[in-house]
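The structure appears right after this line, and notes come after that.
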Amino acid sequence: MSSSSNDLIVVNELSDSTWTCTAGLWEKVSFRGVAFLLALLCCGSTLAQGQASLPEISPVGALPDTSQALPFAPVAQQMAIGVVPPARKYAQVVEPEETAQHFTSMDKMMFSFAEVARPVTLLAAVYSASYEQVFNTDPKYGHDGGAFGEKFGASMLFSASVRVFSDGILASAFHQDPRYYRIGEGSVIHRGLRAAVQALVRRGDEGANQINFSGIGGRAAAAALTVTYYPENSISATAVASTFLISIATDAAGNVVLEFIPGVIHRFPIMRVLRIE
């Protein structure tokens with residue numbers, strides 16, 4: 001009997017505590033629910049007032065008038081064409097009827113690099129190395145196959161230094177145009193002489209003829225630089241002076257080739273791969 005009474009008391013106590021917790025939770029939920037409803041009503045009234053204050057916009061009036069719209073143009077056609085460099089910007093030769101583009105200092109450096117990369121530079125280096133191999137001229141690396149390779153490398157290095165010094169660095173410093181201006185008219189002798197003279201006379205950036213300070217100075221600097229990679233038996237003042245004078249003569253002969261080569265290319269289009277232009 002006492003056991004049943006104790007069980008009843010425990011059940012009553014659990015019921016009272018459960019009711020107390022439920023009542024407290026309900027009070028919290030009720031309070032939060034009321035607060036949420038009040039906040040929702042306030043927000044709703046604020047939005048309603050904001051919408052009421054906005055002017056009415058006709059959906060038809062907001063659309064653009066397609067009858068006056070500009071015709072569609074592809075994006076590719078709207079791009080500035082001036083961003084793409086012209087195909088002949090770094091051409092070595094300026095034709096008589098052609099308007100030469102102005103070269104900035106950066107353009108002159110890029111022009112000198114383009115000259116080094118022309119395939120005809122390889123042919124000139126092969127010829128130079130072969131001549132030195134046959135006649136045992138400076139640089140004297142020897143007579144075997146390895147010596148020929150060293151002479152070819154020295155010739156390529158000298159050609160590259162001439163181009164960078166003459167047509168890049170010093171052409172920018174002296175404000176001179178490194179390109180060859182083709183005569184195109186007159187007798188063969190007249191054209192040949194005027195072409196050879198351009199080794200000593202170069203056009204300035206403003207169009208006036210000047211002493212070719214950049215070309216002569218660049219070849220002198222390239223000749224002096226040979227003492228850093230020529231063999232010891234080819235390092236002398238005589239070798240440097242000889243290299244410099246031969247370079248001037250080679251420049252004059254190269255100008256004569258550039259003067260008459262367009263006629264040869266016209267007859268033999270396959271020579272265009274040499275990029276002599």
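Ordered as shown in the structure tokens, chains take letters A, B, and onward, while each chain numbers its residues from 1 and ligands are numbered from 1 in the order shown.
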
Using only C-alpha atoms, which residues of stretch 88-127 of chain A come within 8 Å of stretch 167-174 of chain A, and what is the closest atom pair for each, with the distance in Å to one decimal? Give it as CSV, sorted by chain and residue number.
residue,atom,partner,partner_atom,distance
A:Thr104,CA,A:Ser172,CA,7.7
A:Ser105,CA,A:Ser172,CA,5.1
A:Lys108,CA,A:Gly168,CA,4.9
A:Met109,CA,A:Gly168,CA,4.2
A:Met110,CA,A:Gly168,CA,7.6
A:Phe111,CA,A:Gly168,CA,7.2
A:Ser112,CA,A:Gly168,CA,5.4

Using the selection just defined, write its residues with C-alpha atoms as a PDB file, in the first residue's frame.
ATOM      1  CA  THR A 104      60.049  55.255 -81.657  1.00  0.00           C
ATOM      2  CA  SER A 105      63.041  54.113 -79.616  1.00  0.00           C
ATOM      3  CA  LYS A 108      64.084  50.723 -83.368  1.00  0.00           C
ATOM      4  CA  MET A 109      65.045  48.098 -80.801  1.00  0.00           C
ATOM      5  CA  MET A 110      62.367  45.745 -82.110  1.00  0.00           C
ATOM      6  CA  PHE A 111      63.568  46.449 -85.659  1.00  0.00           C
ATOM      7  CA  SER A 112      67.127  45.464 -84.717  1.00  0.00           C
TER       8      SER A 112
END

- Task: Rank A:Pro178, A:Pro231, A:Gly192, A:Gly254 by their smallest atom-to-atom distance to A:Gln210, using only C-alpha atoms, and report the top residue only.
- Result: A:Pro178

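Note that atom CA of A:Val257 and atom CA of A:Ala91 are 15.0 Å apart.
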
- In stretch 57-270 of chain A, DSSP alpha helix (DSSP H) residues written as a PyMOL selection string: chain A and resi 75-78+105-116+119-135+145-163+170-173+188-197+213-225+237-267

Selection to disk with C-alpha atoms, as a compact mmCIF listing (two decimals), in the first residue's frame:
# COMPACT_ATOMS: atom_id res chain seq x y z
CA VAL A 75 32.13 43.00 -81.41
CA ALA A 76 35.04 42.06 -83.67
CA GLN A 77 34.17 44.96 -85.99
CA GLN A 78 34.00 47.42 -83.12
CA SER A 105 63.04 54.11 -79.62
CA MET A 106 61.22 50.87 -78.79
CA ASP A 107 60.40 50.37 -82.48
CA LYS A 108 64.08 50.72 -83.37
CA MET A 109 65.04 48.10 -80.80
CA MET A 110 62.37 45.75 -82.11
CA PHE A 111 63.57 46.45 -85.66
CA SER A 112 67.13 45.46 -84.72
CA PHE A 113 65.86 42.21 -83.19
CA ALA A 114 63.81 41.51 -86.32
CA GLU A 115 66.93 41.97 -88.45
CA VAL A 116 68.84 39.45 -86.37
CA PRO A 119 66.80 33.95 -92.38
CA VAL A 120 69.21 35.84 -94.64
CA THR A 121 71.37 36.47 -91.55
CA LEU A 122 72.13 32.74 -91.41
CA LEU A 123 73.29 32.75 -95.04
CA ALA A 124 75.61 35.68 -94.39
CA ALA A 125 77.08 33.91 -91.35
CA VAL A 126 77.64 30.69 -93.33
CA TYR A 127 79.40 32.66 -96.09
CA SER A 128 81.58 34.52 -93.59
CA ALA A 129 82.56 31.35 -91.73
CA SER A 130 83.33 29.57 -95.02
CA TYR A 131 85.52 32.43 -96.23
CA GLU A 132 87.42 32.49 -92.93
CA GLN A 133 87.81 28.71 -93.06
CA VAL A 134 89.23 28.71 -96.60
CA PHE A 135 91.53 31.73 -96.33
CA GLY A 145 84.78 21.03 -88.27
CA GLY A 146 84.68 22.37 -84.73
CA ALA A 147 86.57 25.48 -85.81
CA PHE A 148 84.01 26.10 -88.56
CA GLY A 149 81.23 25.96 -85.96
CA GLU A 150 83.07 28.47 -83.77
CA LYS A 151 83.57 30.80 -86.73
CA PHE A 152 79.89 30.53 -87.60
CA GLY A 153 78.93 31.38 -84.01
CA ALA A 154 81.35 34.32 -83.93
CA SER A 155 79.92 35.62 -87.20
CA MET A 156 76.36 35.38 -85.86
CA LEU A 157 77.36 37.15 -82.64
CA PHE A 158 79.12 39.93 -84.54
CA SER A 159 76.11 40.40 -86.86
CA ALA A 160 73.72 40.54 -83.91
CA SER A 161 75.88 43.07 -82.06
CA VAL A 162 76.11 45.26 -85.19
CA ARG A 163 72.33 45.29 -85.58
CA LEU A 170 72.65 54.27 -81.31
CA ALA A 171 69.84 54.88 -83.82
CA SER A 172 67.70 55.88 -80.85
CA ALA A 173 70.48 57.97 -79.29
CA VAL A 188 72.11 51.03 -112.53
CA ILE A 189 75.29 52.98 -111.73
CA HIS A 190 73.33 55.90 -110.25
CA ARG A 191 71.23 53.65 -108.07
CA GLY A 192 74.19 51.52 -107.04
CA LEU A 193 76.29 54.51 -105.95
CA ARG A 194 73.45 56.12 -104.01
CA ALA A 195 72.71 52.81 -102.33
CA ALA A 196 76.35 52.35 -101.27
CA VAL A 197 76.52 55.90 -99.91
CA PHE A 213 76.76 58.21 -86.74
CA SER A 214 74.65 55.33 -85.55
CA GLY A 215 75.73 52.90 -88.27
CA ILE A 216 79.43 53.78 -88.13
CA GLY A 217 79.51 53.94 -84.33
CA GLY A 218 77.59 50.70 -83.98
CA ARG A 219 80.02 48.84 -86.22
CA ALA A 220 82.97 50.28 -84.34
CA ALA A 221 81.45 49.11 -81.03
CA ALA A 222 80.73 45.64 -82.44
CA ALA A 223 84.31 45.37 -83.77
CA ALA A 224 85.73 46.38 -80.38
CA LEU A 225 83.51 43.77 -78.70
CA ALA A 237 94.21 46.42 -82.88
CA THR A 238 94.78 45.39 -86.49
CA ALA A 239 92.12 42.69 -86.28
CA VAL A 240 89.62 45.11 -84.72
CA ALA A 241 90.29 47.79 -87.37
CA SER A 242 90.07 45.23 -90.17
CA THR A 243 86.76 43.90 -88.82
CA PHE A 244 85.38 47.44 -88.62
CA LEU A 245 86.37 48.40 -92.20
CA ILE A 246 85.09 45.12 -93.64
CA SER A 247 81.79 45.72 -91.82
CA ILE A 248 81.41 49.17 -93.43
CA ALA A 249 82.13 47.70 -96.87
CA THR A 250 79.68 44.86 -96.20
CA ASP A 251 77.00 47.40 -95.24
CA ALA A 252 77.51 49.27 -98.51
CA ALA A 253 77.32 46.04 -100.52
CA GLY A 254 74.22 45.01 -98.58
CA ASN A 255 72.51 48.27 -99.49
CA VAL A 256 73.21 47.62 -103.16
CA VAL A 257 71.61 44.19 -102.80
CA LEU A 258 68.56 45.73 -101.11
CA GLU A 259 68.28 48.24 -103.96
CA PHE A 260 68.10 45.65 -106.73
CA ILE A 261 66.73 42.57 -104.96
CA PRO A 262 63.02 43.47 -105.45
CA GLY A 263 63.44 42.90 -109.19
CA VAL A 264 65.00 39.50 -108.53
CA ILE A 265 62.22 38.56 -106.10
CA HIS A 266 59.66 39.60 -108.71
CA ARG A 267 61.17 37.06 -111.10

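Remark: for A:Ser166, the closest of the candidate residues A:Ala208, A:Tyr230, A:Tyr141, A:Arg179 is A:Arg179 (distances computed over only C-alpha atoms).
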
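Atom CA of A:Asn212 lies 5.0 Å from atom CA of A:Leu200.
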
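Of note, atom CA of A:Arg182 and atom CA of A:Glu95 are spaced 5.4 Å apart.
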
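You can rank A:Ile211, A:Ile235, A:Val227, A:Ile183 by their closest distance to A:Glu98 using only C-alpha atoms, and at the top of that list sits A:Ile183.
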
- Task: Write out as JSON, numbers by chain each polymer residue whose atoms come within 9 Å of A:Glu206, counting only C-alpha atoms; drop sequence neighbours fewer than 4 positions from it.
- Result: {"A": [175, 176, 177]}
